[in-house]
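Printed here is input29.txt (compact mmCIF, C-alpha atoms and all ligand atoms):
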# COMPACT_ATOMS: atom_id res chain seq x y z
CA MET A 1417 202.34 -98.35 131.88
CA SER A 1418 204.40 -99.31 128.81
CA ASN A 1419 201.73 -98.58 126.19
CA TYR A 1420 200.38 -95.62 128.09
CA GLN A 1421 201.42 -92.02 127.67
CA VAL A 1422 200.46 -89.29 130.13
CA THR A 1423 200.14 -85.88 128.47
CA LEU A 1424 199.52 -82.32 129.62
CA ASP A 1425 199.60 -81.02 126.04
CA PRO A 1426 196.26 -79.31 125.19
CA ALA A 1427 196.71 -80.46 121.58
CA PHE A 1428 196.30 -84.07 122.74
CA ILE A 1429 193.13 -83.60 124.78
CA ASP A 1430 190.23 -85.31 123.02
CA VAL A 1431 187.12 -83.22 123.69
CA GLU A 1432 184.68 -85.69 122.08
CA ALA A 1433 186.08 -88.67 124.03
CA THR A 1434 185.94 -86.68 127.26
CA HIS A 1435 182.34 -85.71 126.56
CA ALA A 1436 181.36 -89.28 125.67
CA PHE A 1437 182.52 -90.48 129.10
CA LEU A 1438 181.38 -87.50 131.19
CA THR A 1439 177.83 -87.69 129.93
CA THR A 1440 177.56 -91.17 131.52
CA THR A 1441 178.84 -90.12 134.97
CA TYR A 1442 176.90 -89.49 138.18
CA TRP A 1443 178.21 -85.93 138.34
CA ALA A 1444 177.85 -84.68 134.76
CA GLN A 1445 175.16 -86.82 133.17
CA GLY A 1446 173.75 -85.08 130.10
CA ILE A 1447 176.47 -82.43 129.92
CA PRO A 1448 176.41 -80.87 126.44
CA LEU A 1449 179.49 -81.14 124.19
CA PRO A 1450 179.96 -77.34 123.89
CA VAL A 1451 180.06 -77.08 127.69
CA VAL A 1452 182.80 -79.74 127.86
CA ARG A 1453 184.71 -77.91 125.12
CA ARG A 1454 184.53 -74.63 127.08
CA ALA A 1455 185.45 -76.35 130.35
CA ILE A 1456 188.54 -77.93 128.79
CA ALA A 1457 189.57 -74.64 127.16
CA GLY A 1458 189.42 -72.93 130.56
CA SER A 1459 191.27 -75.63 132.54
CA VAL A 1460 194.70 -77.19 132.94
CA CYS A 1461 194.10 -80.71 131.65
CA ALA A 1462 195.82 -84.08 131.75
CA ALA A 1463 195.06 -87.22 129.79
CA VAL A 1464 196.39 -90.72 129.29
CA ARG A 1465 196.61 -92.03 125.74
CA CYS A 1466 196.98 -95.63 124.60
CA GLU A 1467 197.38 -96.57 120.95
CA ASN A 1468 196.06 -93.21 119.78
CA GLN A 1469 193.02 -93.35 122.04
CA GLN A 1470 192.38 -91.22 125.13
CA VAL A 1471 191.72 -93.64 128.00
CA ALA A 1472 191.81 -91.26 130.98
CA PHE A 1473 191.28 -87.58 131.74
CA ALA A 1474 191.44 -85.04 134.58
CA ARG A 1475 191.36 -81.26 134.75
CA ALA A 1476 192.09 -78.47 137.21
CA VAL A 1477 189.92 -75.36 137.21
CA THR A 1478 192.32 -72.69 138.34
CA ASP A 1479 193.45 -69.05 138.45
CA ARG A 1480 197.00 -70.45 138.02
CA ALA A 1481 198.12 -68.45 141.09
CA THR A 1482 196.24 -69.27 144.31
CA PHE A 1483 193.53 -71.90 143.84
CA ALA A 1484 192.55 -74.99 141.86
CA TYR A 1485 189.57 -77.31 141.77
CA LEU A 1486 190.25 -80.84 140.55
CA ALA A 1487 187.40 -82.15 138.42
CA ASP A 1488 186.21 -84.74 135.90
CA VAL A 1489 188.78 -87.40 136.81
CA TYR A 1490 188.15 -90.70 135.05
CA VAL A 1491 189.82 -93.77 133.61
CA LEU A 1492 187.94 -95.94 131.10
CA GLU A 1493 186.74 -99.09 132.85
CA GLU A 1494 188.94 -101.54 130.93
CA HIS A 1495 192.07 -99.57 131.88
CA ARG A 1496 191.40 -99.22 135.63
CA GLY A 1497 193.48 -100.75 138.42
CA ARG A 1498 196.81 -100.16 136.66
CA GLY A 1499 197.89 -96.94 138.36
CA LEU A 1500 196.74 -94.67 135.53
CA SER A 1501 194.74 -92.21 137.63
CA ARG A 1502 197.63 -91.99 140.07
CA ALA A 1503 200.14 -91.25 137.27
CA MET A 1504 197.80 -88.77 135.60
CA ILE A 1505 196.96 -86.84 138.78
CA SER A 1506 200.66 -86.74 139.73
CA ALA A 1507 201.50 -85.23 136.34
CA LEU A 1508 198.64 -82.74 136.56
CA LEU A 1509 199.60 -81.58 140.06
CA ALA A 1510 203.21 -81.13 138.88
CA HIS A 1511 202.11 -78.71 136.14
CA PRO A 1512 204.04 -75.42 136.50
CA ASP A 1513 200.79 -73.38 136.70
CA LEU A 1514 199.62 -75.38 139.72
CA GLN A 1515 202.60 -74.72 142.01
CA GLY A 1516 202.44 -72.70 145.24
CA LEU A 1517 198.63 -72.63 145.38
CA ARG A 1518 196.99 -71.78 148.71
CA ARG A 1519 194.17 -74.30 148.33
CA LEU A 1520 193.16 -77.21 146.11
CA MET A 1521 189.69 -78.68 146.37
CA LEU A 1522 187.63 -81.46 144.86
CA ALA A 1523 184.36 -83.31 145.35
CA THR A 1524 183.99 -87.08 145.24
CA ARG A 1525 181.30 -89.61 146.12
CA ASP A 1526 183.56 -92.61 146.74
CA ALA A 1527 187.18 -92.07 145.61
CA HIS A 1528 188.47 -90.39 148.79
CA GLY A 1529 191.21 -93.01 149.14
CA LEU A 1530 192.68 -92.12 145.76
CA TYR A 1531 192.95 -88.40 146.54
CA ALA A 1532 194.23 -89.05 150.08
CA LYS A 1533 197.37 -90.41 148.40
CA PHE A 1534 198.06 -86.85 147.20
CA GLY A 1535 197.43 -85.25 150.60
CA PHE A 1536 193.76 -84.30 150.17
CA LYS A 1537 191.83 -84.46 153.46
CA PRO A 1538 188.20 -83.94 154.51
CA LEU A 1539 187.40 -80.26 155.10
CA ALA A 1540 189.01 -79.09 158.35
CA ASN A 1541 186.32 -76.44 158.80
CA PRO A 1542 183.21 -77.42 156.84
CA ALA A 1543 181.23 -74.68 158.56
CA ARG A 1544 183.34 -72.08 156.72
CA MET A 1545 182.58 -73.48 153.28
CA MET A 1546 179.47 -72.80 151.22
CA GLU A 1547 178.30 -73.91 147.80
CA LEU A 1548 175.71 -73.01 145.21
CA HIS A 1549 175.04 -76.35 143.55
CA ASN A 1550 172.81 -76.44 140.48
CA ALA A 1551 172.56 -80.23 140.45
CA ASP A 1552 169.97 -80.34 137.64
CA VAL A 1553 171.70 -77.88 135.33
CA TYR A 1554 172.17 -80.48 132.52
CA ALA A 1555 168.77 -82.15 132.92
CA PRO A 1556 166.69 -82.11 129.73
CA ALA A 1557 163.82 -79.65 129.81
CA GLY A 1558 160.50 -81.16 130.86
CA PRO A 1559 157.43 -81.49 128.55
CA ASN A 1560 156.57 -77.84 129.13
CA GLY A 1561 160.14 -76.75 128.61
CA ALA A 1562 160.45 -76.22 132.37
C1 LIG B 1601 188.44 -93.50 140.42
C2 LIG B 1601 189.25 -93.89 139.17
C3 LIG B 1601 189.62 -92.63 138.42
C4 LIG B 1601 190.51 -94.64 139.63
O1 LIG B 1601 191.30 -94.91 138.47
P1 LIG B 1601 192.39 -96.10 138.40
O2 LIG B 1601 193.31 -95.82 137.28
O3 LIG B 1601 191.69 -97.41 138.43
O4 LIG B 1601 193.14 -95.89 139.79
P2 LIG B 1601 194.66 -96.33 140.07
O5 LIG B 1601 194.87 -97.72 139.52
O6 LIG B 1601 195.56 -95.25 139.57
O7 LIG B 1601 194.67 -96.36 141.63
C5 LIG B 1601 195.61 -95.61 142.36
C6 LIG B 1601 195.43 -95.87 143.81
O8 LIG B 1601 194.19 -95.33 144.28
C7 LIG B 1601 193.38 -96.36 144.81
N1 LIG B 1601 192.01 -96.14 144.35
C8 LIG B 1601 191.56 -96.15 143.09
N2 LIG B 1601 190.24 -95.89 143.05
C9 LIG B 1601 189.87 -95.74 144.34
C10 LIG B 1601 188.62 -95.47 144.95
N3 LIG B 1601 187.49 -95.32 144.26
N4 LIG B 1601 188.59 -95.35 146.29
C11 LIG B 1601 189.72 -95.50 147.02
N5 LIG B 1601 190.94 -95.76 146.48
C12 LIG B 1601 191.00 -95.88 145.16
C13 LIG B 1601 193.92 -97.67 144.28
O9 LIG B 1601 193.67 -98.71 145.16
C14 LIG B 1601 195.38 -97.36 144.14
O10 LIG B 1601 196.04 -97.52 145.37
P3 LIG B 1601 197.58 -98.03 145.41
O11 LIG B 1601 198.37 -97.06 144.53
O12 LIG B 1601 197.93 -97.97 146.85
O13 LIG B 1601 197.55 -99.41 144.82
C15 LIG B 1601 188.44 -94.85 138.25
O14 LIG B 1601 187.99 -95.95 139.02
C16 LIG B 1601 187.25 -94.21 137.57
O15 LIG B 1601 187.38 -93.63 136.50
N6 LIG B 1601 186.05 -94.33 138.17
C17 LIG B 1601 184.84 -93.81 137.55
C18 LIG B 1601 184.83 -92.31 137.55
C19 LIG B 1601 185.03 -91.73 138.94
O16 LIG B 1601 184.38 -92.16 139.90
N7 LIG B 1601 185.97 -90.77 139.03
C20 LIG B 1601 186.29 -90.11 140.28
C21 LIG B 1601 185.39 -88.95 140.47
S1 LIG B 1601 185.86 -88.02 141.90
Any chance you could put this one into structure tokens?
Amino acid sequence: MSNYQVTLDPAFIDVEATHAFLTTTYWAQGIPLPVVRRAIAGSVCAAVRCENQQVAFARAVTDRATFAYLADVYVLEEHRGRGLSRAMISALLAHPDLQGLRRLMLATRDAHGLYAKFGFKPLANPARMMELHNADVYAPAGPNGA
């Protein structure tokens, strides 16, 4: 961790770097830069920097009182396996605006083990939860603009 610096300072969040990674992911492929900019502006964010470059990012979508949704967690491939996501998520969850919340949620395809380390568990009552998931919202328009 010696060359790495975890930050919660909005001034150090690199919107372009975040967008460049997110647009390659399974969950946000094709996300437009202005959408990432708006998402970051409306979230509590954490990042890890190394030699003036952002190498990891995470954000919490939150009302800063009762609820937060952890999203867009990533570490650049060449920096993985060194505890960076763990350090970054720890710092994010310790943010003063994320204390005393009634519920925190997240969605993941395959990183359940990472979040379990922070106490996240599968839904206790999935039947009570609902979602409206616009999975194709960032897909380019078809030939007819559909
Ligand atoms: C998932 C990801 C953020 C993990 O980052 P990382 O910095 O390599 O993770 P860390 O080194 O901090 O790992 C912390 C701990 O979580 C575990 N862990 C990491 N990724 C895991 C995964 N996918 N599944 C289960 N456990 C995982 C590690 O084994 C480690 O355990 P330990 O502390 O007991 O040794 C990174 O692999 C990544 O960016 N993946 C691509 C994007 C992605 O899938 N993001 C998650 C979307 S929900």
Could you check which residues have any atom within 8 Å of (196.7, -75.0, 129.8), counting all atoms listed in the file with coordinates taken straight from the file, and then list them as a PDB file with C-alpha atoms, in the frame of the given file?
ATOM      1  CA  LEU A1424     199.520 -82.320 129.620  1.00  0.00           C
ATOM      2  CA  ASP A1425     199.600 -81.020 126.040  1.00  0.00           C
ATOM      3  CA  PRO A1426     196.260 -79.310 125.190  1.00  0.00           C
ATOM      4  CA  ALA A1457     189.570 -74.640 127.160  1.00  0.00           C
ATOM      5  CA  GLY A1458     189.420 -72.930 130.560  1.00  0.00           C
ATOM      6  CA  SER A1459     191.270 -75.630 132.540  1.00  0.00           C
ATOM      7  CA  VAL A1460     194.700 -77.190 132.940  1.00  0.00           C
ATOM      8  CA  CYS A1461     194.100 -80.710 131.650  1.00  0.00           C
TER       9      CYS A1461
END
Could you put an axis-aligned box around every listed atom of ligand LIG 1601 (chain B), padded by 6 Å on each side, and send me its centre and edge lengths in Å to one decimal, as lines of an AutoDock Vina configuration file?
center_x = 191.4
center_y = -93.7
center_z = 141.8
size_x = 26.0
size_y = 23.4
size_z = 22.5
Q.
12 Å from ligand LIG 1601 (chain B) is the threshold here; counting only C-alpha atoms and all ligand atoms, which polymer residues fall inside it? Answer as a PyMOL selection string.
A. chain A and resi 1417+1420+1434+1437-1445+1463-1464+1471-1475+1485-1506+1521-1534
(Q) My list of candidates is A:Leu1509, A:Ala1462, A:Val1553, A:Val1451. Which is closest to His1435 in chain A when distances are computed with all atoms listed in the file? (A) A:Val1451
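Between CA of Asn1550 in chain A and CA of Gly1446 in chain A lies a distance of 13.5 Å.
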Q) Can you tell me how far CA of Ala1543 in chain A sits from CA of Asp1479 in chain A, in Å to one decimal? A) 24.2 Å
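The closest residue to Ile1456 in chain A, picked from A:Asn1468, A:Ala1427, A:Leu1520, A:Arg1480 and counting only C-alpha atoms, is A:Ala1427.
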Q: Quick one: everything within 10 Å of Arg1519 in chain A, counting all atoms listed in the file, minus sequence neighbours fewer than 6 positions away in the same chain. Send it as a list of chain:residue names.
A: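 Contacts, with the query itself left out: A:Thr1482, A:Phe1483, A:Ala1484, A:Tyr1485.
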Q.
Just the number, please: distance in Å from CA of Val1477 in chain A to CA of Asn1419 in chain A, one decimal.
A.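 Computed distance, CA of Val1477 in chain A to CA of Asn1419 in chain A, equals 28.3 Å.
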